[in-house]
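Let me begin by presenting the structure, written as structure tokens, before commenting on it.
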Amino acid sequence: MNKKYLILPAVLLAATAAVTAVRMWPSPLKDLRAQNLCLGMLTEKTARLLDDHKGGKPAVDEDRSEGAGADPVFSTVCFVGRGTSEDTTPRIQYTLDVRPADAPNEPMKGATPLTDGRSGWVGPRQSEVQLPTACPKRMKTDAAYVTVTLKVAPGVVAAENWDEAALTAASRTVALEAVDNLTEQYDCAA
């Protein structure tokens, strides 16, 4: 047998082995997405912070829109809710959404701007926090910013007796953990 015919199968076998190794190799993105909720953005402990106090187990629904790009983080809205039994639809507590943006949105009335080198604002009903400036490039988007938006359901606001300080503190913790975990997944810390 002519040895020149063995070169192509050997090259194909080596390429297949390399691709398989890369896909199976552990990475912060894969590890955090496997361990945490909402595409790796939240730990279960943090996911429980915003709650309508009606009981039930935490339930997460990662709703991915069709026709979106390869990275699900930009096409998935994470609904965090509470379910009382398997027969009922979970009560939505809040949503987390990650989107590229050309400019940050203006803060809502009553929102608190972030400090400590972070960009964004936190409010009792909605919060928007930008990832560090290196993240859009690492996340393969042409936008200038990547924003995590947290929207709190009215039932949670009412359960806290409209205590804006408590809601803002819990919202801050949830939003910042989402940003920190995304920053770790994409290795784009400032």
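By order of appearance in the structure tokens: chains A, B, ..., then residues from 1 within every chain, and ligands from 1 in the order shown.
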Margin query: Please list as a list in words every residue within 9 Å of A:Ala47, counting only C-alpha atoms and excluding residues in the same chain fewer than 6 positions away.
Written below: Leu37, Pro58, Val80 and Val174 of chain A
Write the residues of the preceding selection, restricted to N, CA, C and O atoms, as a PDB file, in the first residue's frame.
ATOM      1  N   LEU A  37     -27.746  28.937  37.935  1.00  0.00           N
ATOM      2  CA  LEU A  37     -28.994  29.152  37.213  1.00  0.00           C
ATOM      3  C   LEU A  37     -28.835  30.287  36.204  1.00  0.00           C
ATOM      4  O   LEU A  37     -27.891  31.062  36.276  1.00  0.00           O
ATOM      5  N   PRO A  58     -37.934  27.490  44.163  1.00  0.00           N
ATOM      6  CA  PRO A  58     -37.485  28.327  43.045  1.00  0.00           C
ATOM      7  C   PRO A  58     -37.580  27.552  41.729  1.00  0.00           C
ATOM      8  O   PRO A  58     -37.271  26.362  41.676  1.00  0.00           O
ATOM      9  N   VAL A  80     -37.220  33.919  36.661  1.00  0.00           N
ATOM     10  CA  VAL A  80     -37.051  33.280  37.961  1.00  0.00           C
ATOM     11  C   VAL A  80     -38.390  33.367  38.680  1.00  0.00           C
ATOM     12  O   VAL A  80     -38.948  34.448  38.840  1.00  0.00           O
ATOM     13  N   VAL A 174     -28.518  40.748  43.233  1.00  0.00           N
ATOM     14  CA  VAL A 174     -28.835  39.870  42.098  1.00  0.00           C
ATOM     15  C   VAL A 174     -28.144  40.366  40.833  1.00  0.00           C
ATOM     16  O   VAL A 174     -27.484  39.595  40.120  1.00  0.00           O
TER      17      VAL A 174
END
Next item on the list: Once DSSP has gone over the backbone, tell me which residues of chain A are in strand (DSSP E or B), as number ranges by chain.
Entry: A: 37, 42, 57-64, 76-83, 91-101, 112-113, 119-122, 126-130, 145-152
Next item on the list: Could you jot down the atom CA of A:Asp71 to atom CA of A:Ala134 separation for me, Å, one decimal place?
Entry: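 Here the two named atoms are 17.0 Å from each other.
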Margin query: Can you tell me which residues surround A:Ala101 at a distance of at most 6 Å, considering only C-alpha atoms, apart from same-chain residues fewer than 2 positions away, and format the answer as number ranges by chain?
Written below: A: 103, 143, 145-146
What would the file look like if the residues just selected were written as a compact mmCIF listing (two decimals), in the first residue's frame with C-alpha atoms?
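And here is the file that came out, part-v2.txt:
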# COMPACT_ATOMS: atom_id res chain seq x y z
CA ALA A 103 -25.36 53.33 24.82
CA ALA A 143 -21.90 46.97 20.46
CA TYR A 145 -21.85 47.91 25.91
CA VAL A 146 -23.36 44.70 27.22
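One finds atom CA of A:Met108 at 27.5 Å from atom CA of A:Lys137.
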Margin query: Taking only C-alpha atoms into account, name the residue in A:Gly155, A:Pro107, A:Pro124, A:Gly40 that is nearest to A:Gly81.
Written below: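 The shortest atom-to-atom distance to A:Gly81 comes from A:Gly155.
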Check: Do you know which residues are at most 9 Å from A:Val156 counting only C-alpha atoms, after dropping those on the same chain fewer than 6 positions away, and could you put them as an MDAnalysis selection string?
Finding: chainID A and resid 50:53 92:94 162 167
Include all heavy atoms and write out the residues we just selected as a compact mmCIF listing (two decimals), in the first residue's frame.
# COMPACT_ATOMS: atom_id res chain seq x y z
N LEU A 50 -35.08 37.86 45.83
CA LEU A 50 -36.30 38.59 45.46
C LEU A 50 -37.44 37.60 45.44
O LEU A 50 -37.48 36.70 44.60
CB LEU A 50 -36.13 39.26 44.10
CG LEU A 50 -35.14 40.42 44.08
CD1 LEU A 50 -34.76 40.79 42.66
CD2 LEU A 50 -35.70 41.62 44.81
N ASP A 51 -38.38 37.76 46.37
CA ASP A 51 -39.39 36.73 46.61
C ASP A 51 -40.70 37.38 47.03
O ASP A 51 -40.71 38.36 47.77
CB ASP A 51 -38.85 35.83 47.73
CG ASP A 51 -39.75 34.67 48.07
OD1 ASP A 51 -40.66 34.34 47.29
OD2 ASP A 51 -39.54 34.08 49.14
N ASP A 52 -41.82 36.79 46.59
CA ASP A 52 -43.14 37.32 46.97
C ASP A 52 -43.65 36.77 48.31
O ASP A 52 -44.76 37.07 48.71
CB ASP A 52 -44.17 37.09 45.87
CG ASP A 52 -44.43 35.61 45.59
OD1 ASP A 52 -43.93 34.74 46.34
OD2 ASP A 52 -45.14 35.33 44.61
N HIS A 53 -42.85 35.99 48.99
CA HIS A 53 -43.16 35.44 50.33
C HIS A 53 -44.41 34.56 50.36
O HIS A 53 -45.07 34.45 51.38
CB HIS A 53 -43.28 36.55 51.38
CG HIS A 53 -42.08 37.43 51.45
ND1 HIS A 53 -40.81 36.97 51.76
CD2 HIS A 53 -41.93 38.75 51.21
CE1 HIS A 53 -39.96 37.96 51.73
NE2 HIS A 53 -40.61 39.07 51.40
N ILE A 92 -43.90 34.32 38.53
CA ILE A 92 -42.68 35.03 38.15
C ILE A 92 -42.30 36.01 39.26
O ILE A 92 -43.13 36.80 39.71
CB ILE A 92 -42.87 35.78 36.81
CG1 ILE A 92 -43.18 34.79 35.69
CG2 ILE A 92 -41.65 36.62 36.47
CD1 ILE A 92 -42.10 33.77 35.44
N GLN A 93 -41.03 35.96 39.67
CA GLN A 93 -40.51 36.88 40.68
C GLN A 93 -39.73 38.01 40.00
O GLN A 93 -39.84 39.15 40.38
CB GLN A 93 -39.60 36.15 41.66
CG GLN A 93 -40.23 34.91 42.30
CD GLN A 93 -41.45 35.23 43.14
OE1 GLN A 93 -41.37 36.00 44.10
NE2 GLN A 93 -42.58 34.67 42.79
N TYR A 94 -38.94 37.65 38.98
CA TYR A 94 -38.19 38.65 38.22
C TYR A 94 -37.62 38.01 36.96
O TYR A 94 -37.66 36.80 36.80
CB TYR A 94 -37.06 39.27 39.06
CG TYR A 94 -36.04 38.30 39.62
CD1 TYR A 94 -34.88 37.99 38.91
CD2 TYR A 94 -36.23 37.71 40.85
CE1 TYR A 94 -33.95 37.12 39.41
CE2 TYR A 94 -35.30 36.84 41.38
CZ TYR A 94 -34.16 36.54 40.66
OH TYR A 94 -33.23 35.67 41.16
N TRP A 162 -43.61 47.69 49.58
CA TRP A 162 -43.10 48.84 48.85
C TRP A 162 -41.85 49.43 49.51
O TRP A 162 -41.55 50.62 49.35
CB TRP A 162 -44.19 49.91 48.68
CG TRP A 162 -45.40 49.33 48.04
CD1 TRP A 162 -46.49 48.81 48.66
CD2 TRP A 162 -45.63 49.15 46.65
NE1 TRP A 162 -47.39 48.32 47.75
CE2 TRP A 162 -46.88 48.52 46.49
CE3 TRP A 162 -44.91 49.46 45.50
CZ2 TRP A 162 -47.42 48.21 45.26
CZ3 TRP A 162 -45.46 49.14 44.28
CH2 TRP A 162 -46.70 48.52 44.16
N LEU A 167 -35.81 46.41 48.50
CA LEU A 167 -35.86 45.94 47.12
C LEU A 167 -34.59 46.33 46.36
O LEU A 167 -34.05 45.53 45.59
CB LEU A 167 -37.08 46.52 46.41
CG LEU A 167 -38.42 45.89 46.80
CD1 LEU A 167 -39.57 46.76 46.34
CD2 LEU A 167 -38.53 44.50 46.21
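Straight-line separation from atom CA of A:Thr149 to atom CA of A:Glu128: 4.5 Å.
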Next item on the list: Excluding A:Cys135 and any residue of its chain fewer than 4 positions from it, enumerate the residues within 8 Å of it, using only C-alpha atoms, and give them as a PyMOL selection string.
Entry: chain A and resi 131+139+145-146+183+186-189
Just the selected residues (N, CA and C atoms), exported as a compact mmCIF listing (two decimals), in the first residue's frame, please.
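Okay, part06.txt is ready:
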# COMPACT_ATOMS: atom_id res chain seq x y z
N LEU A 131 -21.58 45.35 31.81
CA LEU A 131 -20.40 44.55 32.02
C LEU A 131 -19.17 45.42 31.75
N MET A 139 -17.35 38.79 24.00
CA MET A 139 -18.65 38.16 23.76
C MET A 139 -19.03 38.21 22.28
N TYR A 145 -21.52 48.35 24.56
CA TYR A 145 -21.85 47.91 25.91
C TYR A 145 -22.59 46.57 25.87
N VAL A 146 -22.49 45.85 26.97
CA VAL A 146 -23.36 44.70 27.22
C VAL A 146 -24.03 44.98 28.56
N THR A 183 -18.81 38.10 33.73
CA THR A 183 -17.44 38.58 33.57
C THR A 183 -16.46 37.42 33.74
N TYR A 186 -16.68 34.93 30.62
CA TYR A 186 -16.06 35.44 29.40
C TYR A 186 -14.65 35.99 29.62
N ASP A 187 -14.15 35.88 30.84
CA ASP A 187 -12.80 36.30 31.18
C ASP A 187 -12.54 37.72 30.67
N CYS A 188 -13.40 38.65 31.12
CA CYS A 188 -13.28 40.03 30.62
C CYS A 188 -13.33 41.05 31.75
N ALA A 189 -12.72 40.71 32.88
CA ALA A 189 -12.70 41.64 34.01
C ALA A 189 -11.92 42.89 33.63
Margin query: Nearest residue to A:Phe74 out of A:Val152, A:Cys38, A:Val98, A:Leu12, using only C-alpha atoms?
Written below: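 Checking each of A:Val152, A:Cys38, A:Val98, A:Leu12 against A:Phe74, counting only C-alpha atoms, the winner is A:Val98.
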Margin query: Please list as a PyMOL selection string every residue within 12 Å of A:Val73, counting only C-alpha atoms and excluding residues in the same chain fewer than 6 positions away.
Written below: chain A and resi 29+33+38-41+62-65+96-100+139-141+146-148+178+182+185-186
Next item on the list: Using DSSP on the backbone coordinates, identify the residues of stretch 25-129 of chain A assigned to helix (DSSP H, G or I); present them as a PyMOL selection string.
Entry: chain A and resi 28-35+44-47+72-74
Notebook entry, point to check: Which residues come within 6 Å of A:Leu150, counting only C-alpha atoms, excluding same-chain residues fewer than 4 positions away, as a list of chain:residue names?
Noted result: A:Thr95, A:Leu96, A:Gln126, A:Ser127
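The nearest approach to A:Ala165 among the residues A:Lys151, A:Gly117, A:Gly110, A:Pro132, with only C-alpha atoms taken into account, belongs to A:Gly110.
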Margin query: Please determine, counting only C-alpha atoms, which residue among A:Val60, A:Cys78, A:Ala158, A:Leu49 has the shortest atom-to-atom distance to A:Ser171.
Written below: A:Leu49
Next item on the list: Select, from A:Val122, A:Val129, A:Val179, A:Ala144, the residue with the minimum atom-to-atom distance to A:Asp102, counting only C-alpha atoms.
Entry: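 Comparing A:Val122, A:Val129, A:Val179, A:Ala144 against A:Asp102, the winner is A:Ala144.
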Check: Smallest atom-to-atom distance to A:Asp180: which of A:Thr43, A:Gly123, A:Val157, A:Arg91, using only C-alpha atoms?
Finding: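 Residue with the minimum atom-to-atom distance to A:Asp180: A:Thr43.
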